[in-house]
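These notes are about the structure you will find just below.
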Amino acid sequence: MAARSRRSPSSSSRRSQSMVAAAVVVIALALALAPAQAQLSQSYYASTCPNVETLVRGAVTQKLQETFNAAPGTLRLFFHDCFVRGCDASVLLSGPDDEHSAGADTTLSPDALDLVTRAKAAVDADPQCANKVSCADILTLAARDVVSQTGGPYYQVELGRLDGKVGTRAVVKHSLPGAGFDLDQLNTLFAANGLTQTDMIALSGGHTIGVTHCDKFVRRLYPFKGGAAAPPRGRR
Ligand code: HEM
């Protein structure tokens with residue numbers, strides 16, 4: 001098993017600024033990648049499940065009290081869901097073509113999956129809401145709530161996403177950025193999702209919290225191949 005390295009912010013104000021920037025673009029992510037057929041609205045569940053935001057927030061708060069890991073995990077889960085054919089919660093599906101056992105999704109946080117499962121259970125435990133709220137909207141709300149509960153801003157979320165019914169395992173590899181992507185590759189991938197380079201840079205502020213596995217960055221520290229040590233790629 002790979003060792004894990006925890007990234008800690010150098011100051012709370014820098015962390016807060018980064019989280020604000022990331023949060024602003026998480027909204028853009030949610031809007032840019034919403035399924036085209038959905039009519040999004042802040043009041044989408046006003047008559048069917050008026051307490052949906054309170055129910056999801058309660059589940060998020062409870063899970064974060066148990067483990068902070070669920071916060072970065074949920075933010076990443078939302079990003080990965082949205083980049084694989086839109087924010088349709090297909091990343092949560094289990095089955096022979098499930099996404100979360102493919103490519104970069106294999107390191108999605110079990111705590112994040114548990115957080116969303118609990119939020120869905122909390123919503124469905126309300127008789128008025130049972131099976132009325134899409135998992136895509138629950139994940140979108142949960143991502144907003146982990147941002148606000150870890151020092152980022154609170155922002156309004158438009159709702160009404162539809163859930164995907166099929167996993168799309170085959171496209172995961174081509175839909176998510178790799179740890180070794182250069183700037184052109186990152187720009188191309190984000191542009192394909194309706195996002196600019198500025199969006200990409202701001203969204204990268206999501207890495208203010210969370211962990212990475214050593215194998216994702218060790219080659220930038222110790223370039224063993226090629227004889228004399230070369231500077232890490234980012235410093236050339
Ligand atoms: C810009 C392109 C991106 C690349 C190349 C990238 C790459 C990575 C990598 C390699 C990891 C570590 C995975 C592991 O070791 O298991 C990671 C973690 C993470 N990423 Fe990204 N990522 C990108 C964009 C984003 C975006 C847009 C967000 C959300 C706004 C995000 C949120 C996170 C979070 C929160 C973690 C930590 C997850 C945890 O602790 O469970 N990433 N990312």
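Going through the structure tokens in order, the chains are called A, B, and so on, while each chain numbers its residues from 1 and the ligands are numbered from 1 in the order shown.
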Close residues to ligand 1 using only C-alpha atoms and all ligand atoms, limit 7 Å, as a JSON list (two decimals) with N, CA and C atoms, in the first residue's frame:
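out_25.json written:
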```
[["chain", "number", "residue", "atom", "x", "y", "z"],
["A", 22, "ALA", "N", -11.53, 28.23, -5.14],
["A", 22, "ALA", "CA", -11.99, 26.91, -5.60],
["A", 22, "ALA", "C", -13.51, 26.82, -5.55],
["A", 26, "VAL", "N", -16.18, 25.84, -8.24],
["A", 26, "VAL", "CA", -16.98, 24.63, -8.06],
["A", 26, "VAL", "C", -18.41, 24.93, -8.51],
["A", 69, "ASN", "N", -11.38, 13.38, 6.75],
["A", 69, "ASN", "CA", -11.04, 12.85, 5.42],
["A", 69, "ASN", "C", -12.20, 12.92, 4.45],
["A", 72, "PRO", "N", -12.23, 16.49, 1.90],
["A", 72, "PRO", "CA", -11.56, 16.50, 0.60],
["A", 72, "PRO", "C", -12.05, 15.36, -0.30],
["A", 73, "GLY", "N", -12.36, 14.25, 0.30],
["A", 73, "GLY", "CA", -12.83, 13.11, -0.49],
["A", 73, "GLY", "C", -14.11, 13.43, -1.24],
["A", 75, "LEU", "N", -15.23, 16.48, -2.08],
["A", 75, "LEU", "CA", -14.96, 17.49, -3.11],
["A", 75, "LEU", "C", -14.39, 16.81, -4.37],
["A", 76, "ARG", "N", -13.46, 15.89, -4.17],
["A", 76, "ARG", "CA", -12.87, 15.18, -5.31],
["A", 76, "ARG", "C", -13.89, 14.26, -5.98],
["A", 79, "PHE", "N", -15.95, 16.38, -8.29],
["A", 79, "PHE", "CA", -15.18, 16.72, -9.49],
["A", 79, "PHE", "C", -15.11, 15.52, -10.44],
["A", 107, "THR", "N", -8.88, 5.55, -6.38],
["A", 107, "THR", "CA", -8.43, 6.13, -5.11],
["A", 107, "THR", "C", -9.43, 7.14, -4.55],
["A", 108, "LEU", "N", -10.67, 7.07, -5.02],
["A", 108, "LEU", "CA", -11.69, 7.90, -4.39],
["A", 108, "LEU", "C", -11.88, 7.46, -2.94],
["A", 109, "SER", "N", -12.25, 8.40, -2.11],
["A", 109, "SER", "CA", -12.31, 8.15, -0.67],
["A", 109, "SER", "C", -13.53, 7.33, -0.27],
["A", 177, "PRO", "N", -7.94, 14.26, -15.32],
["A", 177, "PRO", "CA", -6.55, 14.66, -15.48],
["A", 177, "PRO", "C", -5.61, 13.73, -14.73],
["A", 178, "GLY", "N", -4.44, 13.49, -15.32],
["A", 178, "GLY", "CA", -3.43, 12.67, -14.65],
["A", 178, "GLY", "C", -2.46, 13.55, -13.89],
["A", 179, "ALA", "N", -1.78, 12.94, -12.91],
["A", 179, "ALA", "CA", -0.83, 13.69, -12.09],
["A", 179, "ALA", "C", 0.32, 14.25, -12.93],
["A", 180, "GLY", "N", 0.61, 13.63, -14.09],
["A", 180, "GLY", "CA", 1.72, 14.08, -14.92],
["A", 180, "GLY", "C", 1.30, 14.98, -16.08],
["A", 181, "PHE", "N", 0.05, 15.41, -16.11],
["A", 181, "PHE", "CA", -0.41, 16.27, -17.22],
["A", 181, "PHE", "C", 0.37, 17.58, -17.25],
["A", 186, "LEU", "N", -3.89, 19.92, -19.54],
["A", 186, "LEU", "CA", -4.89, 20.38, -18.57],
["A", 186, "LEU", "C", -5.87, 21.34, -19.23],
["A", 200, "MET", "N", -9.50, 26.41, -14.30],
["A", 200, "MET", "CA", -8.69, 25.25, -13.92],
["A", 200, "MET", "C", -7.74, 25.60, -12.77],
["A", 201, "ILE", "N", -7.14, 26.78, -12.86],
["A", 201, "ILE", "CA", -6.20, 27.19, -11.81],
["A", 201, "ILE", "C", -6.94, 27.40, -10.49],
["A", 203, "LEU", "N", -9.82, 26.07, -9.61],
["A", 203, "LEU", "CA", -10.30, 24.77, -9.12],
["A", 203, "LEU", "C", -9.18, 23.97, -8.48],
["A", 204, "SER", "N", -7.95, 24.18, -8.95],
["A", 204, "SER", "CA", -6.82, 23.46, -8.36],
["A", 204, "SER", "C", -6.64, 23.83, -6.90],
["A", 205, "GLY", "N", -7.23, 24.97, -6.50],
["A", 205, "GLY", "CA", -7.23, 25.34, -5.08],
["A", 205, "GLY", "C", -7.94, 24.32, -4.22],
["A", 206, "GLY", "N", -8.71, 23.43, -4.86],
["A", 206, "GLY", "CA", -9.33, 22.33, -4.11],
["A", 206, "GLY", "C", -8.30, 21.47, -3.41],
["A", 207, "HIS", "N", -7.06, 21.50, -3.92],
["A", 207, "HIS", "CA", -5.99, 20.70, -3.30],
["A", 207, "HIS", "C", -5.45, 21.32, -2.03],
["A", 209, "ILE", "N", -6.91, 21.18, 0.63],
["A", 209, "ILE", "CA", -7.17, 20.14, 1.63],
["A", 209, "ILE", "C", -7.02, 18.78, 0.96],
["A", 210, "GLY", "N", -6.72, 17.79, 1.78],
["A", 210, "GLY", "CA", -6.69, 16.43, 1.26],
["A", 210, "GLY", "C", -5.31, 15.80, 1.24],
["A", 211, "VAL", "N", -5.26, 14.60, 0.73],
["A", 211, "VAL", "CA", -4.02, 13.82, 0.72],
["A", 211, "VAL", "C", -3.72, 13.33, -0.69],
["A", 212, "THR", "N", -2.47, 12.95, -0.89],
["A", 212, "THR", "CA", -2.09, 12.30, -2.14],
["A", 212, "THR", "C", -1.19, 11.12, -1.81],
["A", 213, "HIS", "N", -1.14, 10.17, -2.72],
["A", 213, "HIS", "CA", -0.23, 9.05, -2.55],
["A", 213, "HIS", "C", 1.16, 9.45, -3.07],
["A", 214, "CYS", "N", 2.20, 8.94, -2.39],
["A", 214, "CYS", "CA", 3.57, 9.31, -2.75],
["A", 214, "CYS", "C", 3.88, 9.02, -4.21],
["A", 216, "LYS", "N", 2.32, 9.54, -6.73],
["A", 216, "LYS", "CA", 1.82, 10.56, -7.65],
["A", 216, "LYS", "C", 2.82, 11.70, -7.84]]
```
List every residue of stretch 2-226 of chain A that DSSP, applied to the backbone, labels as strand (DSSP E or B), and write the result as a list of chain:residue names.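 Here are the strand (DSSP E or B) residues of stretch 2-226 of chain A: A:Arg4, A:Ser5, A:Arg6, A:Ser41, A:Leu159, A:Val211, A:Thr212, A:His213.
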Requested write-out: N, CA and C atoms of the selected residues, as a PDB file, in the first residue's frame:
```pdb
ATOM      1  N   ARG A   4       0.974   7.669   2.427  1.00  0.00           N
ATOM      2  CA  ARG A   4       0.188   8.853   2.113  1.00  0.00           C
ATOM      3  C   ARG A   4       0.841  10.074   2.737  1.00  0.00           C
ATOM      4  N   SER A   5       0.773  11.171   2.054  1.00  0.00           N
ATOM      5  CA  SER A   5       1.374  12.410   2.528  1.00  0.00           C
ATOM      6  C   SER A   5       0.285  13.444   2.725  1.00  0.00           C
ATOM      7  N   ARG A   6       0.129  13.955   3.935  1.00  0.00           N
ATOM      8  CA  ARG A   6      -0.922  14.936   4.186  1.00  0.00           C
ATOM      9  C   ARG A   6      -0.397  16.320   3.876  1.00  0.00           C
ATOM     10  N   SER A  41     -32.801  24.866 -10.747  1.00  0.00           N
ATOM     11  CA  SER A  41     -33.442  25.953 -10.021  1.00  0.00           C
ATOM     12  C   SER A  41     -33.174  25.776  -8.534  1.00  0.00           C
ATOM     13  N   LEU A 159     -30.641  23.197  -8.313  1.00  0.00           N
ATOM     14  CA  LEU A 159     -30.944  21.766  -8.241  1.00  0.00           C
ATOM     15  C   LEU A 159     -31.843  21.331  -9.407  1.00  0.00           C
ATOM     16  N   VAL A 211      -5.257  14.600   0.726  1.00  0.00           N
ATOM     17  CA  VAL A 211      -4.024  13.816   0.721  1.00  0.00           C
ATOM     18  C   VAL A 211      -3.722  13.333  -0.686  1.00  0.00           C
ATOM     19  N   THR A 212      -2.465  12.955  -0.886  1.00  0.00           N
ATOM     20  CA  THR A 212      -2.094  12.301  -2.137  1.00  0.00           C
ATOM     21  C   THR A 212      -1.187  11.117  -1.807  1.00  0.00           C
ATOM     22  N   HIS A 213      -1.139  10.168  -2.724  1.00  0.00           N
ATOM     23  CA  HIS A 213      -0.228   9.051  -2.551  1.00  0.00           C
ATOM     24  C   HIS A 213       1.156   9.446  -3.065  1.00  0.00           C
TER      25      HIS A 213
END
```
Counting only C-alpha atoms, the residue of A:Phe78, A:Phe83, A:Phe190, A:Tyr154 that sits nearest A:Leu139: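 With only C-alpha atoms as the atom set, the closest residue is A:Phe78.
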For stretch 62-64 of chain A, please output as a list in words all residues within 8 Å (counting only C-alpha atoms; exclusion window: fewer than 6 positions along the same chain).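 Result of the neighbour search: Ala70, Ala71 and Leu115 of chain A.
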Which residues are near A:Asp105? Cut-off 9 Å, only C-alpha atoms, ignore same chain within fewer than 6 positions. Put them as a PyMOL selection string. chain A and resi 77+80+91+99+172-173+176
Requested write-out: C-alpha atoms of the selected residues, as a PDB file, in the first residue's frame:
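And here's selection-v7.pdb as it stands now:
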```
ATOM      1  CA  LEU A  77     -15.778  12.765  -5.726  1.00  0.00           C
ATOM      2  CA  HIS A  80     -14.651  13.191 -10.786  1.00  0.00           C
ATOM      3  CA  VAL A  91     -19.659   7.608 -10.112  1.00  0.00           C
ATOM      4  CA  GLU A  99     -16.676   4.047 -12.609  1.00  0.00           C
ATOM      5  CA  VAL A 172     -12.974   7.362 -17.017  1.00  0.00           C
ATOM      6  CA  LYS A 173      -9.348   7.136 -18.101  1.00  0.00           C
ATOM      7  CA  LEU A 176      -9.870  12.818 -15.767  1.00  0.00           C
TER       8      LEU A 176
END
```
Could you give me, as a PyMOL selection string, each residue of stretch 15-188 of chain A that DSSP assigns to alpha helix (DSSP H) when run on this structure's backbone? chain A and resi 15-32+52-66+70-83+110-124+135-149+169-175+183-188
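Nearest to A:Leu93 of all the residues A:Gln185, A:Asn131, A:Thr168, A:Thr106 is A:Thr168, counting only C-alpha atoms.
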Do you know which residues are at most 10 Å from A:Ala121 counting only C-alpha atoms, after dropping those on the same chain fewer than 5 positions away, and could you put them as a ChimeraX atom specification? /A:55-56,59,115-116,126,130-131
So how far away is atom CA of A:Thr61 from atom CA of A:Gly151, in Å? 13.2 Å
Would you pick out the contacts of A:Leu183 at 10 Å or less, using only C-alpha atoms, so that residues sharing its chain but fewer than 5 positions from it are not included, and give the list as a PDB file with C-alpha atoms, in the first residue's frame?
```pdb
ATOM      1  CA  THR A 188      -7.487  20.927 -23.349  1.00  0.00           C
ATOM      2  CA  LEU A 189      -9.315  18.722 -20.859  1.00  0.00           C
ATOM      3  CA  GLN A 197      -7.514  28.024 -17.825  1.00  0.00           C
TER       4      GLN A 197
END
```
Excluding A:Asp88 and its own-chain neighbours fewer than 3 positions away, which residues fall within 9 Å of it when counting only C-alpha atoms? Please give them as number ranges by chain. A: 34-35, 81-82, 84-85, 91, 134-137, 161-165
Among the residues A:Asp182, A:Asp111, A:Glu53, A:Asp215, the one that comes closest to A:Cys129 [using only C-alpha atoms]: A:Glu53
Between A:Val166, A:Ala143, A:Val60, A:Ala46, which residue has the minimum interatomic distance to A:Ser94, considering only C-alpha atoms?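 Ranking A:Val166, A:Ala143, A:Val60, A:Ala46 by distance to A:Ser94, first place goes to A:Val166.
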Hey, can you check how far atom CA of A:Thr150 sits from atom CA of A:Arg118?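 Separation between atom CA of A:Thr150 and atom CA of A:Arg118: 18.9 Å.
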